[in-house]
$ cat coords.cif   # mmCIF, C-alpha atoms
data_target
#
loop_
_atom_site.label_atom_id
_atom_site.label_comp_id
_atom_site.auth_asym_id
_atom_site.auth_seq_id
_atom_site.Cartn_x
_atom_site.Cartn_y
_atom_site.Cartn_z
CA MET A 273 0.00 0.00 0.00
CA ARG A 274 2.84 2.35 0.89
CA TYR A 275 4.52 1.69 -2.47
CA VAL A 276 1.32 2.44 -4.34
CA LEU A 277 0.99 5.75 -2.51
CA LEU A 278 4.64 6.56 -3.19
CA ALA A 279 4.29 5.70 -6.89
CA THR A 280 1.16 7.86 -7.11
CA ALA A 281 2.97 10.76 -5.44
CA ILE A 282 5.90 10.42 -7.84
CA LEU A 283 3.53 10.31 -10.80
CA PHE A 284 1.79 13.48 -9.65
CA GLY A 285 5.15 15.11 -9.06
CA LEU A 286 6.44 14.23 -12.50
CA ALA A 287 3.24 15.47 -14.08
CA ALA A 288 4.23 18.97 -12.96
CA CYS A 289 7.40 18.78 -15.05
CA GLY A 290 5.52 18.77 -18.32
CA GLU A 291 4.78 21.87 -20.37
CA ARG A 292 1.32 22.57 -21.61
CA GLU A 293 0.71 24.31 -24.90
CA GLN A 294 0.46 27.99 -23.98
CA LEU A 295 -0.77 29.41 -27.23
CA VAL A 296 -4.50 29.88 -27.28
CA GLU A 297 -6.09 28.87 -30.53
CA GLN A 298 -8.83 31.35 -31.17
CA GLN A 299 -12.03 30.49 -32.95
CA SER A 300 -11.13 33.20 -35.45
CA GLU A 301 -7.79 31.50 -36.05
CA LYS A 302 -9.59 28.31 -36.96
CA ARG A 303 -11.80 30.29 -39.30
CA TYR A 304 -8.88 32.08 -40.98
CA GLN A 305 -9.62 32.05 -44.69
CA GLY A 306 -6.68 34.07 -45.94
CA LYS A 307 -3.69 32.94 -47.88
CA ARG A 308 -1.40 30.35 -46.32
CA ASP A 309 1.96 31.66 -45.23
CA GLY A 310 5.23 29.89 -45.92
CA LYS A 311 7.59 28.61 -43.25
CA PRO A 312 10.80 30.57 -42.71
CA TRP A 313 12.93 27.41 -42.83
CA ASP A 314 11.61 26.57 -46.31
CA ASN A 315 13.87 29.25 -47.74
CA ALA A 316 17.51 28.88 -48.63
CA PRO A 317 19.90 31.01 -46.58
CA VAL A 318 20.90 34.29 -48.20
CA VAL A 319 24.42 33.47 -49.37
CA ALA A 320 25.69 37.04 -49.23
CA GLU A 321 24.58 37.48 -45.64
CA LEU A 322 25.55 34.42 -43.67
CA ARG A 323 26.73 36.46 -40.72
CA GLY A 324 24.56 34.69 -38.20
CA GLY A 325 25.21 31.19 -39.56
CA THR A 326 23.40 28.96 -41.98
CA TRP A 327 20.76 26.25 -42.11
CA THR A 328 19.51 23.57 -44.48
CA LYS A 329 16.51 24.54 -46.57
CA GLY A 330 13.42 22.75 -45.31
CA ASN A 331 15.06 21.63 -42.07
CA GLN A 332 13.19 23.31 -39.23
CA GLN A 333 15.60 22.18 -36.54
CA SER A 334 18.67 23.62 -38.26
CA TRP A 335 16.84 26.93 -38.79
CA GLU A 336 15.83 27.04 -35.14
CA GLU A 337 19.42 26.40 -34.06
CA GLN A 338 20.66 29.20 -36.30
CA ILE A 339 18.03 31.65 -35.04
CA LYS A 340 18.82 30.70 -31.43
CA ALA A 341 22.50 31.44 -32.02
CA ARG A 342 21.41 34.80 -33.36
CA GLN A 343 19.28 35.41 -30.27
CA LEU A 344 22.19 34.64 -27.97
CA GLY A 345 24.18 37.24 -29.90
CA GLN A 346 22.06 39.80 -28.05
CA HIS A 347 23.65 38.67 -24.78
CA GLU A 348 26.70 40.89 -24.51
CA HIS A 349 27.94 39.16 -21.35
CA LYS A 350 28.42 36.03 -23.41
CA ARG A 351 29.70 37.90 -26.46
CA ILE A 352 32.30 40.00 -24.67
CA TYR A 353 33.44 38.15 -21.58
CA GLN A 354 33.47 34.54 -22.75
CA MET B 20 8.83 25.30 -30.73
CA ALA B 21 9.78 28.92 -30.26
CA ARG B 22 7.36 31.58 -29.03
CA MET B 23 8.67 34.82 -30.44
CA LYS B 24 8.40 37.79 -28.09
CA PHE B 25 9.88 41.23 -27.47
CA LEU B 26 11.23 42.31 -24.11
CA CYS B 27 12.40 45.87 -23.41
CA ASP B 28 14.76 46.49 -20.52
CA ALA B 29 13.65 49.83 -19.04
CA GLU B 30 16.96 50.12 -17.15
CA ARG B 31 18.80 50.26 -20.46
CA CYS B 32 16.51 52.07 -22.89
CA ILE B 33 17.90 55.56 -23.53
CA GLU B 34 15.01 56.76 -25.70
CA CYS B 35 17.23 57.07 -28.77
CA ASN B 36 14.42 55.89 -31.06
CA GLY B 37 16.92 53.79 -33.00
CA CYS B 38 14.43 50.90 -32.98
CA VAL B 39 11.73 53.12 -34.48
CA THR B 40 14.08 54.28 -37.20
CA ALA B 41 15.38 50.78 -37.90
CA CYS B 42 11.82 49.50 -38.29
CA LYS B 43 10.82 52.38 -40.57
CA ASN B 44 13.86 51.88 -42.74
CA GLU B 45 13.86 48.09 -42.89
CA ASN B 46 10.18 47.79 -43.76
CA GLU B 47 9.78 51.08 -45.64
CA VAL B 48 6.80 51.92 -43.45
CA PRO B 49 4.74 54.75 -44.95
CA TRP B 50 4.45 58.24 -43.52
CA GLY B 51 2.07 58.43 -40.57
CA VAL B 52 2.40 54.78 -39.60
CA ASN B 53 4.58 53.78 -36.67
CA ARG B 54 4.88 50.09 -36.08
CA ARG B 55 7.07 50.81 -33.07
CA ARG B 56 7.19 53.70 -30.59
CA VAL B 57 9.27 54.60 -27.56
CA VAL B 58 7.15 55.49 -24.54
CA THR B 59 8.69 57.49 -21.68
CA ILE B 60 7.20 57.91 -18.24
CA ASN B 61 8.26 60.51 -15.63
CA ASP B 62 10.01 62.47 -18.36
CA GLY B 63 12.68 64.73 -16.85
CA VAL B 64 12.29 63.40 -13.32
CA ILE B 65 15.70 62.37 -11.99
CA GLY B 66 15.91 58.69 -11.14
CA ALA B 67 12.36 58.00 -12.17
CA GLU B 68 12.46 58.48 -15.94
CA LYS B 69 11.98 55.19 -17.73
CA SER B 70 11.51 54.44 -21.39
CA ILE B 71 10.38 51.33 -23.15
CA SER B 72 9.98 50.51 -26.79
CA VAL B 73 6.50 49.26 -27.65
CA ALA B 74 5.11 47.49 -30.71
CA CYS B 75 2.87 44.49 -31.29
CA MET B 76 3.67 42.05 -28.48
CA HIS B 77 2.49 39.02 -30.48
CA CYS B 78 0.16 37.98 -27.66
CA SER B 79 -0.44 34.30 -27.01
CA ASP B 80 -4.13 35.13 -26.59
CA ALA B 81 -4.37 38.05 -28.98
CA PRO B 82 -7.41 40.34 -28.53
CA CYS B 83 -7.05 41.70 -32.07
CA MET B 84 -7.54 38.18 -33.37
CA ALA B 85 -10.58 37.70 -31.17
CA VAL B 86 -12.42 40.82 -32.32
CA CYS B 87 -11.60 40.83 -36.03
CA PRO B 88 -14.93 40.55 -37.89
CA VAL B 89 -13.33 39.17 -41.05
CA ASP B 90 -10.91 36.79 -39.26
CA CYS B 91 -7.87 38.05 -41.10
CA PHE B 92 -5.40 37.20 -38.30
CA TYR B 93 -3.37 34.05 -37.96
CA ARG B 94 -0.45 32.88 -35.87
CA THR B 95 2.69 31.33 -37.31
CA ASP B 96 4.37 28.23 -35.89
CA ASP B 97 6.76 30.56 -34.06
CA GLY B 98 3.94 32.39 -32.27
CA VAL B 99 4.07 35.52 -34.45
CA VAL B 100 0.66 37.16 -34.94
CA LEU B 101 0.20 38.23 -38.55
CA HIS B 102 -2.71 39.24 -40.74
CA ASP B 103 -3.80 39.09 -44.36
CA LYS B 104 -4.16 42.59 -45.77
CA ASP B 105 -6.25 41.28 -48.64
CA LEU B 106 -8.95 40.35 -46.12
CA CYS B 107 -8.63 43.36 -43.80
CA ILE B 108 -11.44 45.90 -44.18
CA GLY B 109 -9.80 48.60 -42.05
CA CYS B 110 -12.64 48.70 -39.52
CA GLY B 111 -10.36 49.55 -36.61
CA TYR B 112 -11.78 47.04 -34.10
CA CYS B 113 -8.31 45.60 -33.54
CA PHE B 114 -7.02 49.07 -32.66
CA TYR B 115 -9.60 49.40 -29.88
CA ALA B 116 -8.93 45.88 -28.65
CA CYS B 117 -5.14 46.11 -28.54
CA PRO B 118 -3.77 47.23 -25.14
CA PHE B 119 -0.51 48.38 -26.78
CA GLY B 120 -1.93 50.51 -29.59
CA ALA B 121 -0.09 48.35 -32.10
CA PRO B 122 -2.49 48.36 -35.07
CA GLN B 123 -1.88 51.37 -37.30
CA PHE B 124 -4.02 52.73 -40.10
CA PRO B 125 -2.64 54.76 -42.98
CA GLN B 126 -4.70 57.85 -43.69
CA ALA B 127 -5.68 57.22 -47.27
CA GLY B 128 -7.54 60.48 -47.83
CA ALA B 129 -8.27 63.93 -46.49
CA PHE B 130 -11.50 62.96 -44.70
CA GLY B 131 -10.24 60.44 -42.19
CA LEU B 132 -10.48 57.51 -44.54
CA ARG B 133 -8.74 54.51 -43.04
CA GLY B 134 -6.59 52.20 -45.05
CA LYS B 135 -5.87 48.58 -44.26
CA MET B 136 -4.34 47.86 -40.88
CA ASP B 137 -0.58 47.75 -40.60
CA LYS B 138 1.40 46.51 -37.63
CA CYS B 139 4.69 45.01 -36.50
CA THR B 140 5.23 41.64 -38.16
CA PHE B 141 8.21 40.63 -36.01
CA CYS B 142 10.00 41.07 -39.37
CA ALA B 143 8.26 37.88 -40.51
CA GLY B 144 6.51 39.30 -43.59
CA GLY B 145 3.01 38.05 -44.29
CA PRO B 146 0.95 35.61 -46.34
CA GLU B 147 2.73 36.15 -49.64
CA PRO B 148 5.64 34.14 -51.07
CA ASP B 149 8.58 34.56 -48.70
CA ARG B 150 11.09 37.29 -49.60
CA SER B 151 9.01 38.28 -52.64
CA GLU B 152 8.38 41.81 -53.87
CA ALA B 153 4.67 41.44 -53.06
CA GLU B 154 5.44 40.46 -49.48
CA PHE B 155 7.82 43.37 -49.03
CA LYS B 156 5.36 45.91 -50.43
CA LYS B 157 2.48 44.77 -48.24
CA TYR B 158 4.15 43.66 -45.05
CA GLY B 159 7.80 44.64 -45.11
CA ARG B 160 10.92 42.56 -44.97
CA ASN B 161 10.87 38.90 -43.95
CA ARG B 162 14.02 38.75 -41.85
CA LEU B 163 13.05 35.49 -40.14
CA ALA B 164 13.13 33.80 -43.55
CA GLU B 165 16.65 35.23 -43.91
CA GLY B 166 17.67 33.68 -40.60
CA LYS B 167 17.70 37.02 -38.80
CA LEU B 168 15.82 38.62 -35.93
CA PRO B 169 13.70 41.80 -36.10
CA ALA B 170 15.72 44.84 -37.16
CA CYS B 171 14.62 46.89 -34.13
CA ALA B 172 16.08 44.41 -31.64
CA GLU B 173 19.23 43.74 -33.60
CA MET B 174 19.88 47.46 -34.11
CA CYS B 175 19.33 48.43 -30.47
CA SER B 176 22.57 50.10 -29.38
CA THR B 177 22.21 49.34 -25.67
CA LYS B 178 20.59 45.96 -26.26
CA ALA B 179 17.63 47.16 -24.22
CA LEU B 180 15.22 45.69 -26.73
CA LEU B 181 15.50 41.94 -26.97
CA GLY B 182 13.65 39.90 -29.57
CA GLY B 183 13.38 36.17 -29.99
CA ASP B 184 12.11 33.04 -28.33
CA GLY B 185 10.53 34.00 -25.01
CA ASP B 186 12.58 31.44 -23.08
CA VAL B 187 15.89 32.61 -24.52
CA ILE B 188 15.37 36.34 -24.04
CA ALA B 189 13.93 35.80 -20.56
CA ASP B 190 17.16 33.98 -19.67
CA ILE B 191 19.26 36.86 -21.02
CA TYR B 192 17.19 39.35 -19.03
CA ARG B 193 17.36 37.25 -15.87
CA GLU B 194 21.16 37.07 -16.05
CA ARG B 195 21.35 40.83 -16.48
CA VAL B 196 19.16 41.45 -13.46
CA LEU B 197 21.28 39.11 -11.35
CA ARG B 198 24.50 40.83 -12.44
CA ARG B 199 23.38 44.37 -11.80
CA GLY B 200 21.20 43.48 -8.82
CA LYS B 201 18.19 45.51 -9.92
CA GLY B 202 15.76 45.95 -12.74
CA SER B 203 13.32 43.12 -12.26
CA GLU B 204 11.09 45.39 -10.20
CA VAL B 205 10.52 47.57 -13.24
CA TRP B 206 7.90 45.13 -14.43
CA GLY B 207 6.62 44.20 -10.99
CA TRP B 208 3.40 44.78 -9.15
CA GLY B 209 5.00 47.32 -6.81
CA THR B 210 6.01 49.61 -9.68
CA ALA B 211 2.64 49.45 -11.33
CA TYR B 212 0.41 49.73 -8.26
CA GLY B 213 2.64 51.03 -5.46
CA PRO B 214 4.21 49.16 -2.55
CA GLY B 215 2.50 47.79 0.52
CA LYS B 216 -1.23 47.96 1.00
CA PRO B 217 -3.64 48.50 -1.86
CA GLY B 218 -3.93 52.21 -2.57
CA ALA B 219 -0.49 53.06 -1.13
CA GLN B 220 1.57 55.41 -3.30
CA PRO B 221 5.21 54.87 -4.29
CA PRO B 222 7.72 57.37 -2.81
CA ALA B 223 7.80 60.69 -4.65
CA PRO B 224 10.86 60.93 -6.92
CA ALA B 225 13.27 63.86 -6.71
CA ARG B 226 12.51 66.71 -9.11
CA LYS B 227 15.04 68.38 -11.38
CA SER B 228 16.18 71.71 -9.97
#

$ encode --input "coords.cif" --output "structure tokens"
Amino acid sequence: MRYVLLATAILFGLAACGEREQLVEQQSEKRYQGKRDGKPWDNAPVVAELRGGTWTKGNQQSWEEQIKARQLGQHEHKRIYQ
Amino acid sequence: MARMKFLCDAERCIECNGCVTACKNENEVPWGVNRRRVVTINDGVIGAEKSISVACMHCSDAPCMAVCPVDCFYRTDDGVVLHDKDLCIGCGYCFYACPFGAPQFPQAGAFGLRGKMDKCTFCAGGPEPDRSEAEFKKYGRNRLAEGKLPACAEMCSTKALLGGDGDVIADIYRERVLRRGKGSEVWGWGTAYGPGKPGAQPPAPARKS
């Protein structure tokens, strides 16, 4: 009985570690009838301007990694001191 | 999945309006439309003057999207709130709904005629082919499709304005606050509503002589 209670407590505890979807999907968003927008990662990197890095066209993960590196470029403590 | 947000550090913003200029230039925003503005409170009061740069905050539960009668708003996979100008009827409901005054309307004529709504796109363009001429003319530059962040944030000289995934920029801001030992209270309850009991007023700041 004690083990069951312990397992239940652990399960409840672990449930708090998850992340729920925080974006609210509006009714209007479901009804959106406009043109479909493209995904940013479906574009090839601009060759002349690879300052922030590069990614593979169509690969969302590589684009996200590149944009994250760009975001961290705003952190001058990391840029200057490390 | 990223949730793109802006965060302005009021301890760093020096009201240079560089973000406003960068936005205007990058997106060739027409005369009379300001996608971004710098708001200053306690102007001229020593120690109490604070400025923040404000534009569309790309709300997770966007009121503009809720009130739009023609449902022209959508949200990208990165959490950026955008709209289709071909559907917009320029009614202005989104302007009344937005707590940040983000939606802007070009004055198309001499008698208060309103054009289609224009707002910050987080430099993510709109529902036209990415990096096309049509997208640029209607919505401005699509910097995200170029692997860049919004021009306003990247041009900010003091790095007061941060743009990017909410988790990443919140971490940057948190580290700053820990290093300098202040600044988090700028956004807190005490600053907005006064310390202590409800109705209590914050201490009066020193006036310029």

$ residues_around --input "coords.cif" --residues "Leu344 of chain A" --least-positions-apart "5" --cutoff "12 Å" --atoms "only C-alpha atoms" --output "list in words"
Gly324, Glu337, Gln338, Ile339, His349, Lys350, Arg351 and Ile352 of chain A; Lys167, Leu168, Glu173, Lys178, Leu181, Gly182, Gly183, Asp184, Asp186, Val187, Ile188, Ala189, Asp190, Ile191 and Tyr192 of chain B

$ resolve_selection --input "coords.cif" --expression "the PyMOL selection byres ((chain A) within 7 of (chain B))" --output "mmCIF file with C-alpha atoms, in the coordinates of the input"
data_model
loop_
_atom_site.group_PDB
_atom_site.id
_atom_site.type_symbol
_atom_site.label_atom_id
_atom_site.label_comp_id
_atom_site.auth_asym_id
_atom_site.auth_seq_id
_atom_site.Cartn_x
_atom_site.Cartn_y
_atom_site.Cartn_z
ATOM 1 C CA LEU A 295 -0.770 29.410 -27.230
ATOM 2 C CA VAL A 296 -4.500 29.880 -27.280
ATOM 3 C CA GLN A 298 -8.830 31.350 -31.170
ATOM 4 C CA SER A 300 -11.130 33.200 -35.450
ATOM 5 C CA GLU A 301 -7.790 31.500 -36.050
ATOM 6 C CA ARG A 303 -11.800 30.290 -39.300
ATOM 7 C CA TYR A 304 -8.880 32.080 -40.980
ATOM 8 C CA GLY A 306 -6.680 34.070 -45.940
ATOM 9 C CA LYS A 307 -3.690 32.940 -47.880
ATOM 10 C CA ARG A 308 -1.400 30.350 -46.320
ATOM 11 C CA ASP A 309 1.960 31.660 -45.230
ATOM 12 C CA GLY A 310 5.230 29.890 -45.920
ATOM 13 C CA PRO A 312 10.800 30.570 -42.710
ATOM 14 C CA TRP A 313 12.930 27.410 -42.830
ATOM 15 C CA ASN A 315 13.870 29.250 -47.740
ATOM 16 C CA PRO A 317 19.900 31.010 -46.580
ATOM 17 C CA VAL A 318 20.900 34.290 -48.200
ATOM 18 C CA GLN A 338 20.660 29.200 -36.300
ATOM 19 C CA ILE A 339 18.030 31.650 -35.040
ATOM 20 C CA ARG A 342 21.410 34.800 -33.360
ATOM 21 C CA GLN A 343 19.280 35.410 -30.270
ATOM 22 C CA GLN A 346 22.060 39.800 -28.050
ATOM 23 C CA HIS A 347 23.650 38.670 -24.780
#

$ closest_residue --input "coords.cif" --among "B:Val39, B:Val52, B:Ala170, B:Ala153" --to "Ser72 of chain B" --atoms "all atoms listed in the file"
B:Val39

$ residues_near_point --input "coords.cif" --point "(15.1, 55.3, -31.8)" --cutoff "12 Å" --atoms "all atoms listed in the file" --output "ChimeraX atom specification"
/B:32-44,53,55-58,70-73,170-172,174-177,179-180

$ atom_distance --input "coords.cif" --atom1 "atom CA of Arg54 of chain B" --atom2 "atom CA of Cys117 of chain B"
13.2 Å

$ axis_aligned_box --input "coords.cif" --around "segment 301-311 of chain A" --padding-each-side "3 Å" --output "AutoDock Vina command-line options"
--center_x -2.1 --center_y 31.2 --center_z -42.0 --size_x 25.4 --size_y 11.8 --size_z 17.8

$ decode --input "coords.cif" --residues "segment 70-121 of chain B" --atoms "C-alpha atoms" --output "mmCIF file, in the first residue's frame"
data_model
loop_
_atom_site.group_PDB
_atom_site.id
_atom_site.type_symbol
_atom_site.label_atom_id
_atom_site.label_comp_id
_atom_site.auth_asym_id
_atom_site.auth_seq_id
_atom_site.Cartn_x
_atom_site.Cartn_y
_atom_site.Cartn_z
ATOM 1 C CA SER B 70 11.510 54.437 -21.391
ATOM 2 C CA ILE B 71 10.377 51.331 -23.155
ATOM 3 C CA SER B 72 9.984 50.505 -26.788
ATOM 4 C CA VAL B 73 6.502 49.258 -27.652
ATOM 5 C CA ALA B 74 5.108 47.489 -30.706
ATOM 6 C CA CYS B 75 2.875 44.489 -31.290
ATOM 7 C CA MET B 76 3.666 42.050 -28.480
ATOM 8 C CA HIS B 77 2.487 39.024 -30.479
ATOM 9 C CA CYS B 78 0.160 37.976 -27.662
ATOM 10 C CA SER B 79 -0.436 34.300 -27.009
ATOM 11 C CA ASP B 80 -4.131 35.127 -26.589
ATOM 12 C CA ALA B 81 -4.368 38.046 -28.981
ATOM 13 C CA PRO B 82 -7.407 40.339 -28.527
ATOM 14 C CA CYS B 83 -7.053 41.697 -32.069
ATOM 15 C CA MET B 84 -7.544 38.183 -33.367
ATOM 16 C CA ALA B 85 -10.584 37.703 -31.165
ATOM 17 C CA VAL B 86 -12.420 40.820 -32.317
ATOM 18 C CA CYS B 87 -11.595 40.830 -36.027
ATOM 19 C CA PRO B 88 -14.930 40.554 -37.889
ATOM 20 C CA VAL B 89 -13.326 39.165 -41.050
ATOM 21 C CA ASP B 90 -10.906 36.785 -39.259
ATOM 22 C CA CYS B 91 -7.870 38.052 -41.098
ATOM 23 C CA PHE B 92 -5.402 37.197 -38.303
ATOM 24 C CA TYR B 93 -3.373 34.049 -37.965
ATOM 25 C CA ARG B 94 -0.454 32.884 -35.873
ATOM 26 C CA THR B 95 2.691 31.328 -37.308
ATOM 27 C CA ASP B 96 4.370 28.233 -35.890
ATOM 28 C CA ASP B 97 6.761 30.564 -34.057
ATOM 29 C CA GLY B 98 3.941 32.390 -32.273
ATOM 30 C CA VAL B 99 4.069 35.521 -34.447
ATOM 31 C CA VAL B 100 0.656 37.159 -34.935
ATOM 32 C CA LEU B 101 0.200 38.234 -38.550
ATOM 33 C CA HIS B 102 -2.709 39.243 -40.740
ATOM 34 C CA ASP B 103 -3.798 39.090 -44.356
ATOM 35 C CA LYS B 104 -4.160 42.595 -45.768
ATOM 36 C CA ASP B 105 -6.252 41.279 -48.644
ATOM 37 C CA LEU B 106 -8.952 40.348 -46.119
ATOM 38 C CA CYS B 107 -8.634 43.363 -43.798
ATOM 39 C CA ILE B 108 -11.440 45.903 -44.181
ATOM 40 C CA GLY B 109 -9.797 48.596 -42.046
ATOM 41 C CA CYS B 110 -12.645 48.700 -39.522
ATOM 42 C CA GLY B 111 -10.356 49.552 -36.606
ATOM 43 C CA TYR B 112 -11.778 47.043 -34.099
ATOM 44 C CA CYS B 113 -8.307 45.599 -33.535
ATOM 45 C CA PHE B 114 -7.022 49.070 -32.660
ATOM 46 C CA TYR B 115 -9.596 49.404 -29.876
ATOM 47 C CA ALA B 116 -8.935 45.877 -28.645
ATOM 48 C CA CYS B 117 -5.138 46.106 -28.538
ATOM 49 C CA PRO B 118 -3.774 47.230 -25.139
ATOM 50 C CA PHE B 119 -0.512 48.378 -26.778
ATOM 51 C CA GLY B 120 -1.929 50.513 -29.593
ATOM 52 C CA ALA B 121 -0.091 48.346 -32.097
#
